[in-house]
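Everything on this sheet refers to the single structure shown next.
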Amino acid sequence: MTVGLAGCSGNDSNGSDGSDGADGSDGGDSSLLRYGRGSHSATLDFQNSTSGEVAKVTEQIYDTLVNFEPGESTLTDGLASDYTLEGETASLTLKEGVTFHNGEEFTAQDFVATYRRFVDSEYENYAGDDYVSAYGPFTLGSWIDEIQVDGDYELTIQLTQTYAPFLRNLAMFAAAVHSEAAIEEYGTDLSENAVGTGAFELDTLDDSNEQVRLTAYDDYWGDGPEVDEVVFVTVGENSTRAQSLASGELDIIDGLGAQSSQQVEGTDGVELVRTEGINIGYMAFNIAEVEEFQDRRVRQAVSHAINTEAIVNQIYSGFATEASQPLPPNVMGHNDDLDPYAYDPEQAQTLLEEAGYGDGFSFELATFQNPRGYNPSPIQTAETVASNLSEVGIEVEINQQSFAPFLEYTAQGRHDACFLGWYTDNADPDNFAYVLLHPQVEDSELTDGQDWVSFDAEGYNTSNRSAWANSEYMSLVEESQQTTTESDRVELYNEAMEIAHDEAPWVYLDYAEELRGVADRVSGFQIAAISGPYLNLVSLE
């Protein structure tokens, strides 16, 4: 069987921001693991979302062909027992005897159906342009030319070009495998009818109480699970979440800010677990919509006017470092010669005057309300940005929204500027440099001498919230995708990062640590900057 490529683009549909909710407690049952977070997952279809809150849950329900070692960036077996990438050909041998939660055996046809549902508009079960997320093209669709199936357990994937990160893309949450039978039965109703091969299966998606309950899958092919149930509980306030951990109502919590982390550190019976993150927090300029932002001197001026050092040290209390470029320090290609923009209101004023905006201007800053690891205090951060910019005559109106509406609003390009951030999917520089700052449109959609493109451009990558389209940067990133020698890729990304720094399509805010609060009764929890959480490995005393 051969499947041809049919690429597409889509809009984001994501989980909602949470408020304080029920604690999910079941009378202290030791086999129930309670995971507290700041936002709910309104969908459980990984092809329908770019949200990390969705991924936290779907990682428990679904499996990918290739996995990451827990807590590491190295690849290991997933649903595939063997995998190779040579030139433009990926070859995979699949595990036998793996079953979906509906009892169906996993075969190569399930991956083919999953792939086609995501990117092939000619497939009868294609989920639709308005349903699938921006992950479709940059994860699989842009790179796969055809898939050849030899029996039930052999896949040969022909790529459209040499693409160095492809195997890593197969380990991303958006490349997990749906059941073909479930696709045919439920269509786009897989959110509430999630059918995977993972360690846990869906019991209840409770939107009204912002909880997701999972139960152990007894026929799971891998390690674990070690608990009978997992419930994801939404507690919107960081401090309340920390209190719930301290009181024994929750077992693991994330989305911690400075104050809540200190609460956890100072509490008996719980531990603050931390590791270096692979992420970035930033403020994106919508260059296509705001005329002032189309002058790079204005973007540089705003970058100089915002005191990112104070944000990191005072609001984030040292759990993050200032950012200087899209690639975090622990990702190949990070340019060590670049420094964060210095807080310099005088230089900002000079740049504004040179650009013809010495008297200032105004814009709207869209922000999410719920905590994110890369921005654990978004409202306070937005207020600081507004205060800083007022000193150079720029008026900022803060538009705060819950997470799902915010992501939809900004994916449609309705913002002037917005806060966002990114946790790596695969630890490859392409996952930042290409995914977040390349428009991924045809050359015909670009205009000579213009470094931005409309959100309405055909095939536009909505993960690029700045609408930036710098041809020199794009060429370097594209060349690095087709380069397999690490030293050559490093050189290309170093040059691309210098352009991104100088052109300033974002205000680079921070690189944050990964922080979790974990109760002492939890064993086997592995904090991870990529993928996870690996709740199949967790047990309770």
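Just so we're on the same page: first chain in the structure tokens is A, next is B, and so on; residues restart at 1 for each chain, and ligands are numbered from 1 in the order they show up.
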inquiry  = Which of region 93-141 of chain A end up as strand (DSSP E or B) when DSSP is run on this backbone - answer as a list of chain:residue names?
reply    = A:Thr93, A:Leu94, A:Thr99, A:Glu105
Output C-alpha atoms for every residue in that selection, as an mmCIF file, in the first residue's frame.
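Contents of out13.cif, freshly written:
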```
data_model
loop_
_atom_site.group_PDB
_atom_site.id
_atom_site.type_symbol
_atom_site.label_atom_id
_atom_site.label_comp_id
_atom_site.auth_asym_id
_atom_site.auth_seq_id
_atom_site.Cartn_x
_atom_site.Cartn_y
_atom_site.Cartn_z
ATOM 1 C CA THR A 93 9.626 -2.437 12.259
ATOM 2 C CA LEU A 94 6.621 -2.350 14.580
ATOM 3 C CA THR A 99 -3.448 -3.718 21.521
ATOM 4 C CA GLU A 105 -4.393 -5.051 17.500
#
```
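With CA of Leu436 (chain A) on one side and CA of Arg296 (chain A) on the other, the separation reads 18.3 Å.
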Output as CSV one row per residue of region 34-144 of chain A within 12 Å of region 260-280 of chain A: the closest atom pair and its distance in Å to one decimal place, counting only C-alpha atoms, sorted by chain and residue number ascending.
```
residue,atom,partner,partner_atom,distance
A:Gly52,CA,A:Asn279,CA,11.9
A:Gly71,CA,A:Thr275,CA,9.3
A:Glu72,CA,A:Thr275,CA,11.1
A:Ser73,CA,A:Ile278,CA,10.3
```
Go ahead and write the residues just picked, all heavy atoms, as a PDB file, in the first residue's frame.
```pdb
ATOM      1  N   GLY A  52       0.248  22.256  25.597  1.00  0.00           N
ATOM      2  CA  GLY A  52       0.980  21.360  26.472  1.00  0.00           C
ATOM      3  C   GLY A  52       0.090  20.703  27.503  1.00  0.00           C
ATOM      4  O   GLY A  52       0.386  19.597  27.975  1.00  0.00           O
ATOM      5  N   GLY A  71      13.318  11.631  30.997  1.00  0.00           N
ATOM      6  CA  GLY A  71      14.254  12.591  31.555  1.00  0.00           C
ATOM      7  C   GLY A  71      15.461  12.864  30.685  1.00  0.00           C
ATOM      8  O   GLY A  71      16.350  13.619  31.089  1.00  0.00           O
ATOM      9  N   GLU A  72      15.511  12.283  29.487  1.00  0.00           N
ATOM     10  CA  GLU A  72      16.658  12.463  28.606  1.00  0.00           C
ATOM     11  C   GLU A  72      16.193  12.874  27.213  1.00  0.00           C
ATOM     12  O   GLU A  72      15.003  12.871  26.905  1.00  0.00           O
ATOM     13  CB  GLU A  72      17.482  11.166  28.524  1.00  0.00           C
ATOM     14  CG  GLU A  72      18.020  10.692  29.874  1.00  0.00           C
ATOM     15  CD  GLU A  72      18.821   9.413  29.748  1.00  0.00           C
ATOM     16  OE1 GLU A  72      19.189   9.061  28.604  1.00  0.00           O
ATOM     17  OE2 GLU A  72      19.059   8.767  30.783  1.00  0.00           O
ATOM     18  N   SER A  73      17.173  13.214  26.354  1.00  0.00           N
ATOM     19  CA  SER A  73      16.846  13.600  24.982  1.00  0.00           C
ATOM     20  C   SER A  73      17.187  12.503  23.983  1.00  0.00           C
ATOM     21  O   SER A  73      17.054  12.697  22.778  1.00  0.00           O
ATOM     22  CB  SER A  73      17.602  14.881  24.599  1.00  0.00           C
ATOM     23  OG  SER A  73      18.999  14.696  24.700  1.00  0.00           O
TER      24      SER A  73
END
```
request  = Might you pull out every residue within 7 Å of Leu32 (chain A), with only C-alpha atoms counted and same-chain residues fewer than 5 positions away left off, and present them as a ChimeraX atom specification?
outcome  = /A:227-230
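Distances here use only C-alpha atoms; by that measure, the residue among A:Asp510, A:Thr484, A:Ser41, A:Thr156 closest to Thr204 (chain A) is A:Ser41.
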Residues of region 326-438 of chain A in helix (DSSP H, G or I), written as a PyMOL selection string = chain A and resi 345-354+378-390+403-411+430-437
Print the selection's residues with N, CA, C and O atoms to a file, as a short mmCIF file (atom, residue, chain, number, x, y, z; two decimals), in the first residue's frame.
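The new file again_34.cif reads:
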```
data_model
loop_
_atom_site.label_atom_id
_atom_site.label_comp_id
_atom_site.auth_asym_id
_atom_site.auth_seq_id
_atom_site.Cartn_x
_atom_site.Cartn_y
_atom_site.Cartn_z
N PRO A 345 16.32 52.42 28.68
CA PRO A 345 15.26 53.30 28.18
C PRO A 345 15.77 54.43 27.29
O PRO A 345 15.08 54.84 26.35
N GLU A 346 16.98 54.93 27.57
CA GLU A 346 17.52 56.01 26.73
C GLU A 346 17.78 55.51 25.31
O GLU A 346 17.47 56.20 24.33
N GLN A 347 18.38 54.34 25.19
CA GLN A 347 18.59 53.76 23.87
C GLN A 347 17.27 53.47 23.18
O GLN A 347 17.12 53.67 21.97
N ALA A 348 16.28 53.02 23.95
CA ALA A 348 14.96 52.77 23.39
C ALA A 348 14.36 54.05 22.83
O ALA A 348 13.80 54.06 21.72
N GLN A 349 14.47 55.13 23.59
CA GLN A 349 13.93 56.42 23.13
C GLN A 349 14.64 56.88 21.86
O GLN A 349 14.00 57.37 20.91
N THR A 350 15.95 56.69 21.80
CA THR A 350 16.71 57.09 20.61
C THR A 350 16.25 56.31 19.38
O THR A 350 16.04 56.88 18.30
N LEU A 351 16.06 55.01 19.54
CA LEU A 351 15.61 54.18 18.42
C LEU A 351 14.21 54.57 17.96
O LEU A 351 13.93 54.59 16.75
N LEU A 352 13.33 54.87 18.90
CA LEU A 352 11.98 55.30 18.54
C LEU A 352 12.01 56.60 17.75
O LEU A 352 11.27 56.77 16.77
N GLU A 353 12.85 57.52 18.18
CA GLU A 353 12.95 58.80 17.47
C GLU A 353 13.51 58.59 16.07
O GLU A 353 13.03 59.20 15.10
N GLU A 354 14.51 57.72 15.93
CA GLU A 354 15.07 57.44 14.61
C GLU A 354 14.02 56.83 13.69
O GLU A 354 14.02 57.08 12.47
N PRO A 378 1.80 35.58 34.49
CA PRO A 378 1.61 36.35 33.26
C PRO A 378 1.01 37.73 33.46
O PRO A 378 1.40 38.68 32.77
N ILE A 379 0.08 37.87 34.39
CA ILE A 379 -0.55 39.18 34.58
C ILE A 379 0.46 40.16 35.19
O ILE A 379 0.58 41.31 34.72
N GLN A 380 1.20 39.72 36.18
CA GLN A 380 2.22 40.58 36.78
C GLN A 380 3.30 40.93 35.75
O GLN A 380 3.79 42.07 35.71
N THR A 381 3.65 39.98 34.91
CA THR A 381 4.62 40.25 33.85
C THR A 381 4.08 41.28 32.87
O THR A 381 4.80 42.21 32.46
N ALA A 382 2.83 41.14 32.49
CA ALA A 382 2.21 42.10 31.56
C ALA A 382 2.16 43.50 32.17
O ALA A 382 2.41 44.50 31.47
N GLU A 383 1.85 43.58 33.43
CA GLU A 383 1.81 44.89 34.10
C GLU A 383 3.19 45.52 34.14
O GLU A 383 3.34 46.74 33.99
N THR A 384 4.22 44.70 34.34
CA THR A 384 5.59 45.21 34.33
C THR A 384 5.97 45.72 32.95
O THR A 384 6.57 46.80 32.81
N VAL A 385 5.61 44.98 31.92
CA VAL A 385 5.88 45.40 30.54
C VAL A 385 5.19 46.73 30.25
O VAL A 385 5.78 47.67 29.69
N ALA A 386 3.93 46.85 30.65
CA ALA A 386 3.18 48.08 30.42
C ALA A 386 3.82 49.26 31.15
O ALA A 386 3.94 50.37 30.60
N SER A 387 4.25 49.01 32.37
CA SER A 387 4.90 50.08 33.15
C SER A 387 6.22 50.50 32.51
O SER A 387 6.51 51.70 32.37
N ASN A 388 7.02 49.54 32.10
CA ASN A 388 8.30 49.84 31.46
C ASN A 388 8.10 50.65 30.19
O ASN A 388 8.81 51.65 29.95
N LEU A 389 7.15 50.25 29.37
CA LEU A 389 6.97 50.90 28.08
C LEU A 389 6.36 52.29 28.22
O LEU A 389 6.59 53.17 27.38
N SER A 390 5.62 52.51 29.29
CA SER A 390 5.05 53.85 29.51
C SER A 390 6.16 54.88 29.71
O SER A 390 5.98 56.06 29.42
N PHE A 403 -6.95 30.39 28.61
CA PHE A 403 -5.97 29.85 27.69
C PHE A 403 -6.53 29.48 26.32
O PHE A 403 -5.96 29.83 25.28
N ALA A 404 -7.65 28.76 26.27
CA ALA A 404 -8.19 28.33 24.98
C ALA A 404 -8.58 29.50 24.09
O ALA A 404 -8.17 29.57 22.93
N PRO A 405 -9.37 30.46 24.59
CA PRO A 405 -9.69 31.62 23.75
C PRO A 405 -8.45 32.42 23.35
O PRO A 405 -8.37 32.93 22.24
N PHE A 406 -7.50 32.52 24.27
CA PHE A 406 -6.26 33.25 23.97
C PHE A 406 -5.51 32.60 22.81
O PHE A 406 -5.06 33.29 21.88
N LEU A 407 -5.35 31.29 22.83
CA LEU A 407 -4.63 30.61 21.77
C LEU A 407 -5.34 30.75 20.43
O LEU A 407 -4.71 30.93 19.39
N GLU A 408 -6.65 30.65 20.45
CA GLU A 408 -7.42 30.83 19.21
C GLU A 408 -7.30 32.26 18.69
O GLU A 408 -7.10 32.50 17.50
N TYR A 409 -7.42 33.22 19.59
CA TYR A 409 -7.33 34.65 19.26
C TYR A 409 -5.99 34.98 18.60
O TYR A 409 -5.93 35.64 17.55
N THR A 410 -4.91 34.49 19.18
CA THR A 410 -3.59 34.80 18.64
C THR A 410 -3.27 33.97 17.40
O THR A 410 -2.57 34.44 16.50
N ALA A 411 -3.79 32.75 17.30
CA ALA A 411 -3.58 31.94 16.10
C ALA A 411 -4.24 32.58 14.88
O ALA A 411 -3.81 32.38 13.75
N ASP A 430 15.35 22.66 15.15
CA ASP A 430 14.29 22.88 14.17
C ASP A 430 12.95 23.11 14.85
O ASP A 430 12.10 23.84 14.34
N ASN A 431 12.77 22.48 16.01
CA ASN A 431 11.50 22.58 16.73
C ASN A 431 11.24 23.97 17.29
O ASN A 431 10.11 24.31 17.64
N PHE A 432 12.27 24.79 17.35
CA PHE A 432 12.13 26.20 17.72
C PHE A 432 12.26 27.09 16.48
O PHE A 432 11.37 27.87 16.16
N ALA A 433 13.38 26.95 15.78
CA ALA A 433 13.73 27.89 14.72
C ALA A 433 12.76 27.83 13.56
O ALA A 433 12.39 28.88 12.99
N TYR A 434 12.33 26.64 13.17
CA TYR A 434 11.40 26.49 12.05
C TYR A 434 9.95 26.61 12.51
O TYR A 434 9.16 27.36 11.94
N VAL A 435 9.63 25.89 13.56
CA VAL A 435 8.23 25.81 14.00
C VAL A 435 7.68 27.17 14.43
O VAL A 435 6.54 27.50 14.14
N LEU A 436 8.51 27.99 15.08
CA LEU A 436 8.00 29.22 15.70
C LEU A 436 8.25 30.47 14.89
O LEU A 436 7.58 31.49 15.12
N LEU A 437 9.17 30.44 13.93
CA LEU A 437 9.54 31.69 13.26
C LEU A 437 9.68 31.56 11.75
O LEU A 437 10.21 32.46 11.10
#
```
message = With distances taken over only C-alpha atoms, which residue among A:Cys418, A:Val233, A:Val132, A:Ile306 lies nearest Ser39 (chain A)?
response = A:Val233
